[in-house]
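Undergrad: Below you'll find query34.pdb; it's PDB, C-alpha atoms and all ligand atoms.
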```
ATOM      1  CA  MET A 247      -3.728  59.259  31.310
ATOM      2  CA  SER A 248       0.050  59.253  31.680
ATOM      3  CA  ILE A 249       2.358  59.592  28.735
ATOM      4  CA  ALA A 250       3.676  56.084  29.390
ATOM      5  CA  THR A 251       0.165  54.554  29.196
ATOM      6  CA  ARG A 252      -0.591  56.472  26.035
ATOM      7  CA  SER A 253       2.582  55.320  24.311
ATOM      8  CA  LEU A 254       1.925  51.745  25.444
ATOM      9  CA  ARG A 255      -1.535  51.980  23.965
ATOM     10  CA  ARG A 256      -0.132  53.344  20.737
ATOM     11  CA  HIS A 257       2.346  50.490  20.687
ATOM     12  CA  HIS A 258      -0.530  47.957  21.108
ATOM     13  CA  ARG A 259      -2.443  49.588  18.324
ATOM     14  CA  SER A 260       0.490  49.323  15.927
ATOM     15  CA  VAL A 261       1.030  45.649  16.890
ATOM     16  CA  ALA A 262      -2.650  44.999  16.157
ATOM     17  CA  ARG A 263      -2.364  46.765  12.816
ATOM     18  CA  CYS A 264       0.689  44.699  11.962
ATOM     19  CA  LEU A 265      -1.133  41.461  12.845
ATOM     20  CA  LEU A 266      -4.074  42.521  10.712
ATOM     21  CA  ALA A 267      -1.754  43.131   7.768
ATOM     22  CA  VAL A 268      -0.290  39.637   8.163
ATOM     23  CA  LEU A 269      -3.809  38.142   8.287
ATOM     24  CA  LEU A 270      -4.829  40.016   5.155
ATOM     25  CA  LEU A 271      -1.773  38.667   3.365
ATOM     26  CA  VAL A 272      -2.569  35.089   4.380
ATOM     27  CA  LEU A 273      -6.346  35.177   3.962
ATOM     28  CA  PRO A 274      -6.708  35.319   0.167
ATOM     29  CA  THR A 275      -5.161  31.857  -0.267
ATOM     30  CA  TRP A 276      -6.212  30.351   3.026
ATOM     31  CA  GLY A 277      -9.753  31.672   3.270
ATOM     32  CA  ALA A 278     -10.612  30.919  -0.346
ATOM     33  CA  ALA A 279      -9.725  27.220  -0.236
ATOM     34  CA  LEU A 280     -12.525  25.122  -1.651
ATOM     35  CA  GLU A 281     -13.681  22.524   0.896
ATOM     36  CA  VAL A 282     -13.887  19.192  -0.910
ATOM     37  CA  GLY A 283     -14.752  15.743   0.426
ATOM     38  CA  ALA A 284     -13.928  12.319  -0.977
ATOM     39  CA  THR A 285     -14.868   8.898   0.344
ATOM     40  CA  ILE A 286     -11.613   7.051  -0.385
ATOM     41  CA  ALA A 287      -7.905   7.848  -0.358
ATOM     42  CA  PRO A 288      -7.242   7.453  -4.128
ATOM     43  CA  HIS A 289      -9.962  10.004  -4.940
ATOM     44  CA  ALA A 290      -8.737  12.365  -2.195
ATOM     45  CA  HIS A 291      -5.302  12.053  -3.823
ATOM     46  CA  PHE A 292      -6.720  12.928  -7.286
ATOM     47  CA  VAL A 293      -8.496  15.996  -5.850
ATOM     48  CA  GLU A 294      -5.283  17.078  -4.120
ATOM     49  CA  ALA A 295      -3.225  16.468  -7.278
ATOM     50  CA  ILE A 296      -5.543  18.647  -9.389
ATOM     51  CA  GLY A 297      -6.686  21.215  -6.844
ATOM     52  CA  SER A 298      -3.645  21.983  -4.701
ATOM     53  CA  PRO A 299      -3.222  24.600  -3.232
ATOM     54  CA  HIS A 300      -6.760  25.898  -3.786
ATOM     55  CA  VAL A 301      -8.632  22.983  -2.208
ATOM     56  CA  ARG A 302      -8.826  21.550   1.282
ATOM     57  CA  VAL A 303      -9.618  17.837   1.085
ATOM     58  CA  VAL A 304     -11.469  15.846   3.717
ATOM     59  CA  GLN A 305     -11.106  12.080   3.218
ATOM     60  CA  MET A 306     -14.084  10.396   4.856
ATOM     61  CA  ILE A 307     -12.847   6.803   5.192
ATOM     62  CA  PRO A 308      -9.558   6.376   7.083
ATOM     63  CA  ALA A 309      -6.961   4.248   5.312
ATOM     64  CA  GLN A 310      -7.358   1.119   7.396
ATOM     65  CA  ARG A 311     -11.179   0.973   7.397
ATOM     66  CA  LEU A 312     -13.220  -1.172   5.023
ATOM     67  CA  PRO A 313     -15.488   1.059   2.881
ATOM     68  CA  GLU A 314     -18.260  -1.519   2.653
ATOM     69  CA  THR A 315     -18.844  -1.547   6.434
ATOM     70  CA  PHE A 316     -17.757   2.008   7.289
ATOM     71  CA  GLU A 317     -20.064   4.203   9.386
ATOM     72  CA  PRO A 318     -18.877   7.740  10.157
ATOM     73  CA  SER A 319     -18.976   8.834  13.804
ATOM     74  CA  PRO A 320     -20.923  12.016  14.664
ATOM     75  CA  ARG A 321     -17.543  13.768  14.887
ATOM     76  CA  GLU A 322     -16.523  12.567  11.409
ATOM     77  CA  LEU A 323     -19.875  13.756  10.032
ATOM     78  CA  ALA A 324     -19.469  17.131  11.746
ATOM     79  CA  ALA A 325     -15.978  17.528  10.224
ATOM     80  CA  ALA A 326     -17.605  17.267   6.794
ATOM     81  CA  ALA A 327     -20.522  19.614   7.450
ATOM     82  CA  ASP A 328     -18.996  22.562   5.538
ATOM     83  CA  LEU A 329     -17.967  20.745   2.364
ATOM     84  CA  GLU A 330     -18.945  22.482  -0.859
ATOM     85  CA  LEU A 331     -18.225  19.544  -3.131
ATOM     86  CA  TYR A 332     -18.141  15.781  -2.541
ATOM     87  CA  PHE A 333     -16.725  12.929  -4.628
ATOM     88  CA  ALA A 334     -18.499   9.677  -3.821
ATOM     89  CA  ALA A 335     -16.897   6.382  -4.830
ATOM     90  CA  GLY A 336     -20.186   4.555  -5.406
ATOM     91  CA  LEU A 337     -19.255   1.744  -3.001
ATOM     92  CA  ALA A 338     -21.762  -0.465  -1.180
ATOM     93  CA  GLY A 339     -23.046   1.146   2.037
ATOM     94  CA  GLU A 340     -21.751   4.601   1.131
ATOM     95  CA  ALA A 341     -25.075   6.124   0.071
ATOM     96  CA  ARG A 342     -26.586   5.402   3.495
ATOM     97  CA  TRP A 343     -24.327   7.768   5.440
ATOM     98  CA  LEU A 344     -23.768  10.101   2.497
ATOM     99  CA  ASP A 345     -27.499  10.884   2.515
ATOM    100  CA  ARG A 346     -27.142  11.727   6.214
ATOM    101  CA  LEU A 347     -24.210  14.026   5.430
ATOM    102  CA  GLN A 348     -26.218  15.661   2.642
ATOM    103  CA  GLY A 349     -29.013  16.223   5.184
ATOM    104  CA  LEU A 350     -26.574  18.120   7.432
ATOM    105  CA  ASN A 351     -25.193  20.066   4.497
ATOM    106  CA  GLY A 352     -27.883  20.886   1.948
ATOM    107  CA  HIS A 353     -25.701  22.969  -0.374
ATOM    108  CA  MET A 354     -22.997  20.277  -0.840
ATOM    109  CA  ARG A 355     -22.682  19.246  -4.509
ATOM    110  CA  ARG A 356     -22.231  15.502  -4.944
ATOM    111  CA  VAL A 357     -20.467  13.770  -7.837
ATOM    112  CA  ASP A 358     -20.636   9.975  -7.938
ATOM    113  CA  LEU A 359     -17.385   8.725  -9.481
ATOM    114  CA  GLY A 360     -18.641   5.131  -9.292
ATOM    115  CA  THR A 361     -21.047   5.626 -12.164
ATOM    116  CA  PRO A 362     -19.594   5.585 -15.683
ATOM    117  CA  ALA A 363     -18.766   9.050 -17.026
ATOM    118  CA  GLU A 364     -21.454  10.268 -19.452
ATOM    119  CA  THR A 365     -18.699  11.838 -21.529
ATOM    120  CA  ALA A 366     -16.877   8.547 -22.182
ATOM    121  CA  GLY A 367     -16.749   8.041 -25.938
ATOM    122  CA  SER A 368     -16.402   4.277 -26.141
ATOM    123  CA  ALA A 369     -18.260   2.042 -23.738
ATOM    124  CA  ALA A 370     -16.089   1.309 -20.708
ATOM    125  CA  PRO A 371     -15.752  -2.360 -19.813
ATOM    126  CA  THR A 372     -18.214  -3.297 -17.080
ATOM    127  CA  PRO A 373     -16.865  -6.542 -15.667
ATOM    128  CA  ASP A 374     -19.507  -8.795 -14.230
ATOM    129  CA  ASP A 375     -18.980  -8.525 -10.484
ATOM    130  CA  HIS A 376     -21.676  -9.788  -8.191
ATOM    131  CA  ALA A 377     -20.248  -8.177  -5.074
ATOM    132  CA  HIS A 378     -21.247  -4.722  -6.194
ATOM    133  CA  GLY A 379     -24.166  -5.365  -8.531
ATOM    134  CA  ALA A 380     -23.927  -5.283 -12.286
ATOM    135  CA  ALA A 381     -20.983  -2.881 -12.458
ATOM    136  CA  ASP A 382     -17.974  -2.926 -10.139
ATOM    137  CA  PRO A 383     -17.565   0.608  -8.710
ATOM    138  CA  HIS A 384     -13.797   0.157  -8.088
ATOM    139  CA  ARG A 385     -13.142   1.877 -11.426
ATOM    140  CA  TRP A 386     -10.064   3.729 -10.226
ATOM    141  CA  THR A 387      -8.040   0.488 -10.160
ATOM    142  CA  ALA A 388      -7.665   0.817 -13.952
ATOM    143  CA  PRO A 389      -5.644   3.961 -14.896
ATOM    144  CA  ALA A 390      -7.696   4.532 -18.063
ATOM    145  CA  GLN A 391     -10.846   4.741 -15.946
ATOM    146  CA  ALA A 392      -9.087   6.734 -13.227
ATOM    147  CA  ALA A 393      -8.375   9.228 -16.035
ATOM    148  CA  ARG A 394     -12.125   9.656 -16.627
ATOM    149  CA  GLN A 395     -12.532  10.304 -12.881
ATOM    150  CA  VAL A 396      -9.703  12.864 -12.919
ATOM    151  CA  GLU A 397     -11.516  14.675 -15.767
ATOM    152  CA  ARG A 398     -14.760  14.694 -13.815
ATOM    153  CA  ILE A 399     -12.953  15.998 -10.717
ATOM    154  CA  ARG A 400     -11.310  18.741 -12.830
ATOM    155  CA  ASP A 401     -14.677  19.746 -14.310
ATOM    156  CA  ALA A 402     -16.457  19.800 -10.934
ATOM    157  CA  LEU A 403     -13.664  21.844  -9.296
ATOM    158  CA  SER A 404     -13.809  24.325 -12.189
ATOM    159  CA  VAL A 405     -17.573  24.764 -11.824
ATOM    160  CA  ALA A 406     -17.302  25.208  -8.044
ATOM    161  CA  ASP A 407     -14.305  27.565  -8.293
ATOM    162  CA  PRO A 408     -14.208  29.093 -11.809
ATOM    163  CA  ALA A 409     -11.503  31.614 -10.778
ATOM    164  CA  HIS A 410      -8.969  28.763 -10.722
ATOM    165  CA  ALA A 411     -10.275  26.766 -13.686
ATOM    166  CA  ALA A 412      -7.073  27.281 -15.708
ATOM    167  CA  HIS A 413      -4.992  26.068 -12.776
ATOM    168  CA  TYR A 414      -7.149  22.935 -12.435
ATOM    169  CA  ALA A 415      -6.980  22.301 -16.197
ATOM    170  CA  ALA A 416      -3.175  22.530 -16.259
ATOM    171  CA  ARG A 417      -2.666  20.279 -13.246
ATOM    172  CA  ALA A 418      -5.222  17.751 -14.525
ATOM    173  CA  ALA A 419      -3.495  17.655 -17.931
ATOM    174  CA  ALA A 420      -0.169  16.843 -16.279
ATOM    175  CA  TYR A 421      -1.763  14.160 -14.115
ATOM    176  CA  LEU A 422      -3.599  12.640 -17.105
ATOM    177  CA  ASP A 423      -0.272  12.403 -18.961
ATOM    178  CA  SER A 424       1.185  10.487 -16.028
ATOM    179  CA  LEU A 425      -1.811   8.119 -16.060
ATOM    180  CA  THR A 426      -1.317   7.426 -19.772
ATOM    181  CA  ALA A 427       2.343   6.603 -19.088
ATOM    182  CA  LEU A 428       1.379   4.435 -16.108
ATOM    183  CA  ASP A 429      -1.189   2.536 -18.172
ATOM    184  CA  ARG A 430       1.416   1.795 -20.845
ATOM    185  CA  GLU A 431       3.934   0.709 -18.216
ATOM    186  CA  LEU A 432       1.466  -1.680 -16.534
ATOM    187  CA  ALA A 433       0.371  -3.099 -19.895
ATOM    188  CA  ILE A 434       4.002  -3.935 -20.755
ATOM    189  CA  CYS A 435       4.584  -5.464 -17.314
ATOM    190  CA  LEU A 436       1.498  -7.704 -17.465
ATOM    191  CA  GLU A 437       1.368  -8.493 -21.184
ATOM    192  CA  PRO A 438       3.172 -11.859 -20.810
ATOM    193  CA  PHE A 439       0.398 -13.062 -18.484
ATOM    194  CA  ALA A 440      -2.648 -12.359 -20.660
ATOM    195  CA  GLY A 441      -5.494 -14.762 -19.943
ATOM    196  CA  ARG A 442      -4.152 -15.779 -16.541
ATOM    197  CA  VAL A 443      -6.157 -15.895 -13.318
ATOM    198  CA  PHE A 444      -5.369 -14.362  -9.909
ATOM    199  CA  LEU A 445      -7.178 -15.015  -6.650
ATOM    200  CA  VAL A 446      -8.438 -12.185  -4.418
ATOM    201  CA  TRP A 447     -10.614 -11.954  -1.323
ATOM    202  CA  HIS A 448     -12.727  -8.880  -2.125
ATOM    203  CA  PRO A 449     -13.517  -8.374  -5.839
ATOM    204  CA  ALA A 450     -11.981  -4.910  -6.122
ATOM    205  CA  TRP A 451      -9.801  -5.605  -9.161
ATOM    206  CA  SER A 452     -12.167  -6.469 -12.005
ATOM    207  CA  HIS A 453     -11.473  -3.212 -13.918
ATOM    208  CA  PHE A 454      -7.727  -3.642 -13.436
ATOM    209  CA  ALA A 455      -7.975  -7.271 -14.605
ATOM    210  CA  ALA A 456     -10.077  -6.347 -17.652
ATOM    211  CA  ALA A 457      -7.626  -3.584 -18.628
ATOM    212  CA  TYR A 458      -4.662  -5.969 -18.716
ATOM    213  CA  GLY A 459      -6.280  -9.150 -19.999
ATOM    214  CA  LEU A 460      -6.287 -10.937 -16.650
ATOM    215  CA  GLU A 461      -9.105 -12.652 -14.783
ATOM    216  CA  GLN A 462      -9.946 -11.911 -11.171
ATOM    217  CA  LEU A 463     -11.238 -14.888  -9.180
ATOM    218  CA  ALA A 464     -12.803 -13.687  -5.913
ATOM    219  CA  VAL A 465     -13.559 -15.505  -2.671
ATOM    220  CA  GLU A 466     -16.220 -13.000  -1.649
ATOM    221  CA  HIS A 467     -19.519 -12.847  -3.484
ATOM    222  CA  GLU A 468     -22.120 -10.175  -2.771
ATOM    223  CA  GLY A 469     -20.047  -9.105   0.199
ATOM    224  CA  LYS A 470     -20.095 -12.547   1.827
ATOM    225  CA  SER A 471     -17.535 -15.317   2.117
ATOM    226  CA  PRO A 472     -18.606 -18.581   0.466
ATOM    227  CA  GLY A 473     -20.558 -21.342   2.193
ATOM    228  CA  PRO A 474     -19.261 -24.935   2.294
ATOM    229  CA  ARG A 475     -20.435 -25.744  -1.243
ATOM    230  CA  GLY A 476     -19.045 -22.521  -2.711
ATOM    231  CA  LEU A 477     -15.751 -23.186  -1.002
ATOM    232  CA  ILE A 478     -15.480 -26.682  -2.538
ATOM    233  CA  ALA A 479     -16.089 -25.260  -6.035
ATOM    234  CA  LEU A 480     -13.550 -22.517  -5.392
ATOM    235  CA  LYS A 481     -11.002 -25.024  -4.133
ATOM    236  CA  GLN A 482     -11.369 -27.068  -7.331
ATOM    237  CA  ARG A 483     -10.898 -23.972  -9.471
ATOM    238  CA  VAL A 484      -7.857 -22.857  -7.463
ATOM    239  CA  ALA A 485      -6.286 -26.298  -7.905
ATOM    240  CA  ARG A 486      -7.136 -26.404 -11.628
ATOM    241  CA  GLU A 487      -5.552 -22.986 -12.225
ATOM    242  CA  GLY A 488      -2.560 -23.819 -10.026
ATOM    243  CA  LEU A 489      -2.999 -20.700  -7.859
ATOM    244  CA  HIS A 490      -0.670 -20.288  -4.878
ATOM    245  CA  THR A 491      -1.643 -16.946  -3.372
ATOM    246  CA  LEU A 492      -4.776 -15.295  -2.056
ATOM    247  CA  PHE A 493      -4.462 -11.509  -2.389
ATOM    248  CA  VAL A 494      -6.161  -9.642   0.432
ATOM    249  CA  GLN A 495      -6.756  -5.948   1.101
ATOM    250  CA  PRO A 496      -5.139  -4.845   4.367
ATOM    251  CA  GLN A 497      -8.653  -3.784   5.448
ATOM    252  CA  ASN A 498      -9.849  -7.410   5.111
ATOM    253  CA  ALA A 499      -7.101  -9.314   6.944
ATOM    254  CA  GLY A 500      -8.384 -11.412   9.820
ATOM    255  CA  PRO A 501      -9.237 -14.916  11.013
ATOM    256  CA  ALA A 502     -11.879 -15.513   8.303
ATOM    257  CA  VAL A 503      -9.279 -14.864   5.599
ATOM    258  CA  ALA A 504      -6.723 -17.104   7.304
ATOM    259  CA  ALA A 505      -9.272 -19.950   7.581
ATOM    260  CA  VAL A 506     -10.212 -19.778   3.884
ATOM    261  CA  ALA A 507      -6.552 -19.568   2.826
ATOM    262  CA  ARG A 508      -5.857 -22.688   4.868
ATOM    263  CA  GLU A 509      -8.826 -24.468   3.287
ATOM    264  CA  LEU A 510      -7.674 -23.484  -0.228
ATOM    265  CA  ALA A 511      -4.059 -24.365   0.617
ATOM    266  CA  VAL A 512      -2.761 -20.980  -0.553
ATOM    267  CA  ALA A 513      -0.525 -18.319   1.004
ATOM    268  CA  THR A 514      -1.811 -14.784   1.540
ATOM    269  CA  ASP A 515      -0.328 -11.525   0.295
ATOM    270  CA  THR A 516      -1.519  -7.928   0.251
ATOM    271  CA  LEU A 517      -2.874  -5.853  -2.634
ATOM    272  CA  ASP A 518      -4.420  -2.554  -1.549
ATOM    273  CA  PRO A 519      -6.946  -0.914  -3.893
ATOM    274  CA  LEU A 520      -7.329   1.978  -1.441
ATOM    275  CA  ALA A 521      -3.727   3.203  -1.132
ATOM    276  CA  ALA A 522      -3.334   6.986  -1.279
ATOM    277  CA  ASP A 523      -0.110   6.768  -3.275
ATOM    278  CA  TYR A 524      -2.097   5.794  -6.357
ATOM    279  CA  ARG A 525       0.507   5.452  -9.110
ATOM    280  CA  GLN A 526       3.288   3.908  -7.038
ATOM    281  CA  ASN A 527       0.783   1.476  -5.538
ATOM    282  CA  LEU A 528      -0.460   0.253  -8.937
ATOM    283  CA  ARG A 529       3.142  -0.284 -10.055
ATOM    284  CA  MET A 530       3.598  -2.447  -6.972
ATOM    285  CA  VAL A 531       0.346  -4.326  -7.662
ATOM    286  CA  ALA A 532       1.476  -5.116 -11.214
ATOM    287  CA  ALA A 533       4.913  -6.225 -10.013
ATOM    288  CA  ARG A 534       3.398  -8.523  -7.371
ATOM    289  CA  LEU A 535       1.015 -10.081  -9.877
ATOM    290  CA  ALA A 536       3.788 -10.517 -12.443
ATOM    291  CA  ALA A 537       5.941 -12.254  -9.812
ATOM    292  CA  GLU A 538       2.994 -14.466  -8.829
ATOM    293  CA  LEU A 539       2.141 -15.479 -12.401
ATOM    294  CA  GLN A 540       5.778 -15.971 -13.423
TER     295      GLN A 540
HETATM  296 ZN    ZN A 601     -14.991  -2.871  -2.415
END
```
Once more with this new file: its structure as structure tokens, please.

TA:
Amino acid sequence: MSIATRSLRRHHRSVARCLLAVLLLVLPTWGAALEVGATIAPHAHFVEAIGSPHVRVVQMIPAQRLPETFEPSPRELAAAADLELYFAAGLAGEARWLDRLQGLNGHMRRVDLGTPAETAGSAAPTPDDHAHGAADPHRWTAPAQAARQVERIRDALSVADPAHAAHYAARAAAYLDSLTALDRELAICLEPFAGRVFLVWHPAWSHFAAAYGLEQLAVEHEGKSPGPRGLIALKQRVAREGLHTLFVQPQNAGPAVAAVARELAVATDTLDPLAADYRQNLRMVAARLAAELQ
């Protein structure tokens, strides 16, 4: 072996050693990230807010898809096959594919945020909503109930990754403070409209409405748009309440919505219960409702 070859080899070896050192520096934070899944964007945002930078979050339902009809593709299921922890939203249709995911990934721990927290001291309001059974699972639309979900996320992260429990506790405490402030802010914004009614397509806002003394009137019942008789009754109610706007989730917009809006003689506007930017979005929701009920 020539001297040149030997020195080249030595050079390669030192480059390899250097690369290894870089990898070892990066690995402790990168390799240790807890793989966490969530069905919807607001919950993925809560997990990120509490867990960053020690979690890697996989959000199962893309922003523009409707949770109630969502079916993951084999590729989407495969992307979630290594999750250690999963936060279900408790929405209609979710359990069907979540069971399939659990079948692919037996060790994944599942927390259903749609069920009321066992730790809740006082009974949470359970608005009567026929679209999702006895209790509306869209609990996160009310900040006070989102706070219970943040606590459950904090607790589950701490059990799955006890080494960072203090980190999760501190970040959750800060986020909970911001939810308390948000709740107060929304209450002040909507207080003048207590007892008033707003019209929505999909009944995703019953917890929000209950929290601020409003009433949600929904077009959809049990996941279906009304038949001719239901539509006549709804039209009478809309006229009686003097409602001008049908609020629709971006995931619901389409010809069926346009036809019903025409029939009810109302305009349409957007309220998104699934926005990732949770706090800013709820501020916008409250402002839109306040403007509508003015
Ligand atoms: Zn829904």

Undergrad: Show me which residues sit within 8 Å of ligand ZN 601 (chain A) when counting only C-alpha atoms and all ligand atoms, and put them as a list in words.

TA: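 Going residue by residue within 8 Å of ligand ZN 601 (chain A), we get Leu312, Pro313, Glu314, Leu337, Ala338, Ala377, His378, Pro383, His384, His448, Pro449 and Ala450 of chain A.
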
Undergrad: For range 491-508 of chain A, find every residue with an atom within 6 Å (counting all atoms listed in the file), except residues of its own chain fewer than 4 positions away, and show them as a PyMOL selection string.

TA: chain A and resi 310-312+445-447+512-518

Undergrad: Okay, now the selection with C-alpha atoms, as a JSON list (two decimals), in the coordinates of the input?

TA:
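Below is the file that was written, selection.json:
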```json
[["chain", "number", "residue", "atom", "x", "y", "z"],
["A", 310, "GLN", "CA", -7.36, 1.12, 7.40],
["A", 311, "ARG", "CA", -11.18, 0.97, 7.40],
["A", 312, "LEU", "CA", -13.22, -1.17, 5.02],
["A", 445, "LEU", "CA", -7.18, -15.02, -6.65],
["A", 446, "VAL", "CA", -8.44, -12.18, -4.42],
["A", 447, "TRP", "CA", -10.61, -11.95, -1.32],
["A", 512, "VAL", "CA", -2.76, -20.98, -0.55],
["A", 513, "ALA", "CA", -0.52, -18.32, 1.00],
["A", 514, "THR", "CA", -1.81, -14.78, 1.54],
["A", 515, "ASP", "CA", -0.33, -11.52, 0.30],
["A", 516, "THR", "CA", -1.52, -7.93, 0.25],
["A", 517, "LEU", "CA", -2.87, -5.85, -2.63],
["A", 518, "ASP", "CA", -4.42, -2.55, -1.55]]
```

Undergrad: At a cut-off of 6 Å, using only C-alpha atoms, what residues contact range 414-426 of chain A? Leave out same-chain residues fewer than 6 positions from it and give the result as a list in words.

TA: Ile296, Gly297, Pro389, Ala393 and Arg400 of chain A

Undergrad: Quick one: which residues end up in the PyMOL selection byres (((chain A and resi 395) around 10) and not hetatm) for this structure, as a PyMOL selection string?

TA: chain A and resi 289+292-293+333+335+358-363+385-386+389-394+396-401

Undergrad: Store the residues picked out above in a file with C-alpha atoms, as a tab-separated table (two decimals), keeping the file's coordinate frame.

TA:
```tsv
chain	number	residue	atom	x	y	z
A	289	HIS	CA	-9.96	10.00	-4.94
A	292	PHE	CA	-6.72	12.93	-7.29
A	293	VAL	CA	-8.50	16.00	-5.85
A	333	PHE	CA	-16.73	12.93	-4.63
A	335	ALA	CA	-16.90	6.38	-4.83
A	358	ASP	CA	-20.64	9.98	-7.94
A	359	LEU	CA	-17.39	8.72	-9.48
A	360	GLY	CA	-18.64	5.13	-9.29
A	361	THR	CA	-21.05	5.63	-12.16
A	362	PRO	CA	-19.59	5.58	-15.68
A	363	ALA	CA	-18.77	9.05	-17.03
A	385	ARG	CA	-13.14	1.88	-11.43
A	386	TRP	CA	-10.06	3.73	-10.23
A	389	PRO	CA	-5.64	3.96	-14.90
A	390	ALA	CA	-7.70	4.53	-18.06
A	391	GLN	CA	-10.85	4.74	-15.95
A	392	ALA	CA	-9.09	6.73	-13.23
A	393	ALA	CA	-8.38	9.23	-16.04
A	394	ARG	CA	-12.12	9.66	-16.63
A	396	VAL	CA	-9.70	12.86	-12.92
A	397	GLU	CA	-11.52	14.68	-15.77
A	398	ARG	CA	-14.76	14.69	-13.82
A	399	ILE	CA	-12.95	16.00	-10.72
A	400	ARG	CA	-11.31	18.74	-12.83
A	401	ASP	CA	-14.68	19.75	-14.31
```

Undergrad: Pick out the closest residue to Leu403 in chain A from this set: A:Tyr332, A:Phe439, A:Tyr458, A:Trp343. Count all atoms listed in the file.

TA: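 Once distances to Leu403 in chain A are computed over all atoms listed in the file, the minimum belongs to A:Tyr332.
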
Undergrad: Box along x, y and z, 6 Å on every side, all listed atoms of range 427-442 of chain A inside: centre and edge lengths in Å to one decimal, as AutoDock Vina command-line options.

TA:
```
--center_x -0.5 --center_y -4.6 --center_z -18.6 --size_x 22.1 --size_y 34.4 --size_z 17.1
```

Undergrad: Env of Ala326 in chain A: 8 Å cut, atoms = only C-alpha atoms, seq-sep filter 2 positions within chain, self excluded. Answer as a list in words.

TA: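 In the requested format, the answer is Gly283, Val304, Met306, Glu322, Leu323, Ala324, Asp328, Leu329 and Leu347 of chain A.
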
Undergrad: Can you write just those residues out, C-alpha atoms, as a short mmCIF file (atom, residue, chain, number, x, y, z; two decimals), in the coordinates of the input?

TA:
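Result went into out-v3.cif, see below:
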```
data_model
loop_
_atom_site.label_atom_id
_atom_site.label_comp_id
_atom_site.auth_asym_id
_atom_site.auth_seq_id
_atom_site.Cartn_x
_atom_site.Cartn_y
_atom_site.Cartn_z
CA GLY A 283 -14.75 15.74 0.43
CA VAL A 304 -11.47 15.85 3.72
CA MET A 306 -14.08 10.40 4.86
CA GLU A 322 -16.52 12.57 11.41
CA LEU A 323 -19.88 13.76 10.03
CA ALA A 324 -19.47 17.13 11.75
CA ASP A 328 -19.00 22.56 5.54
CA LEU A 329 -17.97 20.74 2.36
CA LEU A 347 -24.21 14.03 5.43
#
```

Undergrad: Using only C-alpha atoms, which residue out of A:Leu477, A:His490, A:Pro408, A:Glu281 lies closest to Met354 in chain A?

TA: A:Glu281

Undergrad: Nearest residue to Gln348 in chain A out of A:Glu437, A:His300, A:Glu330, A:Arg259, using all atoms listed in the file?

TA: A:Glu330

Undergrad: Apply the PyMOL selection byres (((chain A and resi 280) around 6) and not hetatm) to the structure shown and report the selected residues as a PyMOL selection string.

TA: chain A and resi 279+281+301-302

Undergrad: By how many Å are CA of Val443 in chain A and CA of Ile286 in chain A apart?

TA: 26.9 Å

Undergrad: List the spatial neighbours of Thr387 in chain A as an mmCIF file with C-alpha atoms, in the frame of the given file - criterion: any atom at most 8 Å away, only C-alpha atoms, same-chain residues fewer than 5 positions off excluded.

TA:
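Done, and the output landed in around28.cif:
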```cif
data_model
loop_
_atom_site.group_PDB
_atom_site.id
_atom_site.type_symbol
_atom_site.label_atom_id
_atom_site.label_comp_id
_atom_site.auth_asym_id
_atom_site.auth_seq_id
_atom_site.Cartn_x
_atom_site.Cartn_y
_atom_site.Cartn_z
ATOM 1 C CA ALA A 392 -9.087 6.734 -13.227
ATOM 2 C CA ALA A 450 -11.981 -4.910 -6.122
ATOM 3 C CA TRP A 451 -9.801 -5.605 -9.161
ATOM 4 C CA HIS A 453 -11.473 -3.212 -13.918
ATOM 5 C CA PHE A 454 -7.727 -3.642 -13.436
ATOM 6 C CA PRO A 519 -6.946 -0.914 -3.893
ATOM 7 C CA LEU A 528 -0.460 0.253 -8.937
#
```

Undergrad: I'd like to see the residues matched by the PyMOL selection byres (((chain A and resi 540) around 12) and not hetatm) on this file, and ideally I'd get them as JSON, numbers by chain.

TA: {"A": [435, 436, 437, 438, 439, 440, 442, 443, 444, 488, 489, 490, 532, 533, 534, 535, 536, 537, 538, 539]}

Undergrad: Export, as a PDB file, keeping the file's coordinate frame, the selected residues with C-alpha atoms.

TA:
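Contents of result-v2.pdb, freshly written:
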```
ATOM      1  CA  CYS A 435       4.584  -5.464 -17.314  1.00  0.00           C
ATOM      2  CA  LEU A 436       1.498  -7.704 -17.465  1.00  0.00           C
ATOM      3  CA  GLU A 437       1.368  -8.493 -21.184  1.00  0.00           C
ATOM      4  CA  PRO A 438       3.172 -11.859 -20.810  1.00  0.00           C
ATOM      5  CA  PHE A 439       0.398 -13.062 -18.484  1.00  0.00           C
ATOM      6  CA  ALA A 440      -2.648 -12.359 -20.660  1.00  0.00           C
ATOM      7  CA  ARG A 442      -4.152 -15.779 -16.541  1.00  0.00           C
ATOM      8  CA  VAL A 443      -6.157 -15.895 -13.318  1.00  0.00           C
ATOM      9  CA  PHE A 444      -5.369 -14.362  -9.909  1.00  0.00           C
ATOM     10  CA  GLY A 488      -2.560 -23.819 -10.026  1.00  0.00           C
ATOM     11  CA  LEU A 489      -2.999 -20.700  -7.859  1.00  0.00           C
ATOM     12  CA  HIS A 490      -0.670 -20.288  -4.878  1.00  0.00           C
ATOM     13  CA  ALA A 532       1.476  -5.116 -11.214  1.00  0.00           C
ATOM     14  CA  ALA A 533       4.913  -6.225 -10.013  1.00  0.00           C
ATOM     15  CA  ARG A 534       3.398  -8.523  -7.371  1.00  0.00           C
ATOM     16  CA  LEU A 535       1.015 -10.081  -9.877  1.00  0.00           C
ATOM     17  CA  ALA A 536       3.788 -10.517 -12.443  1.00  0.00           C
ATOM     18  CA  ALA A 537       5.941 -12.254  -9.812  1.00  0.00           C
ATOM     19  CA  GLU A 538       2.994 -14.466  -8.829  1.00  0.00           C
ATOM     20  CA  LEU A 539       2.141 -15.479 -12.401  1.00  0.00           C
TER      21      LEU A 539
END
```
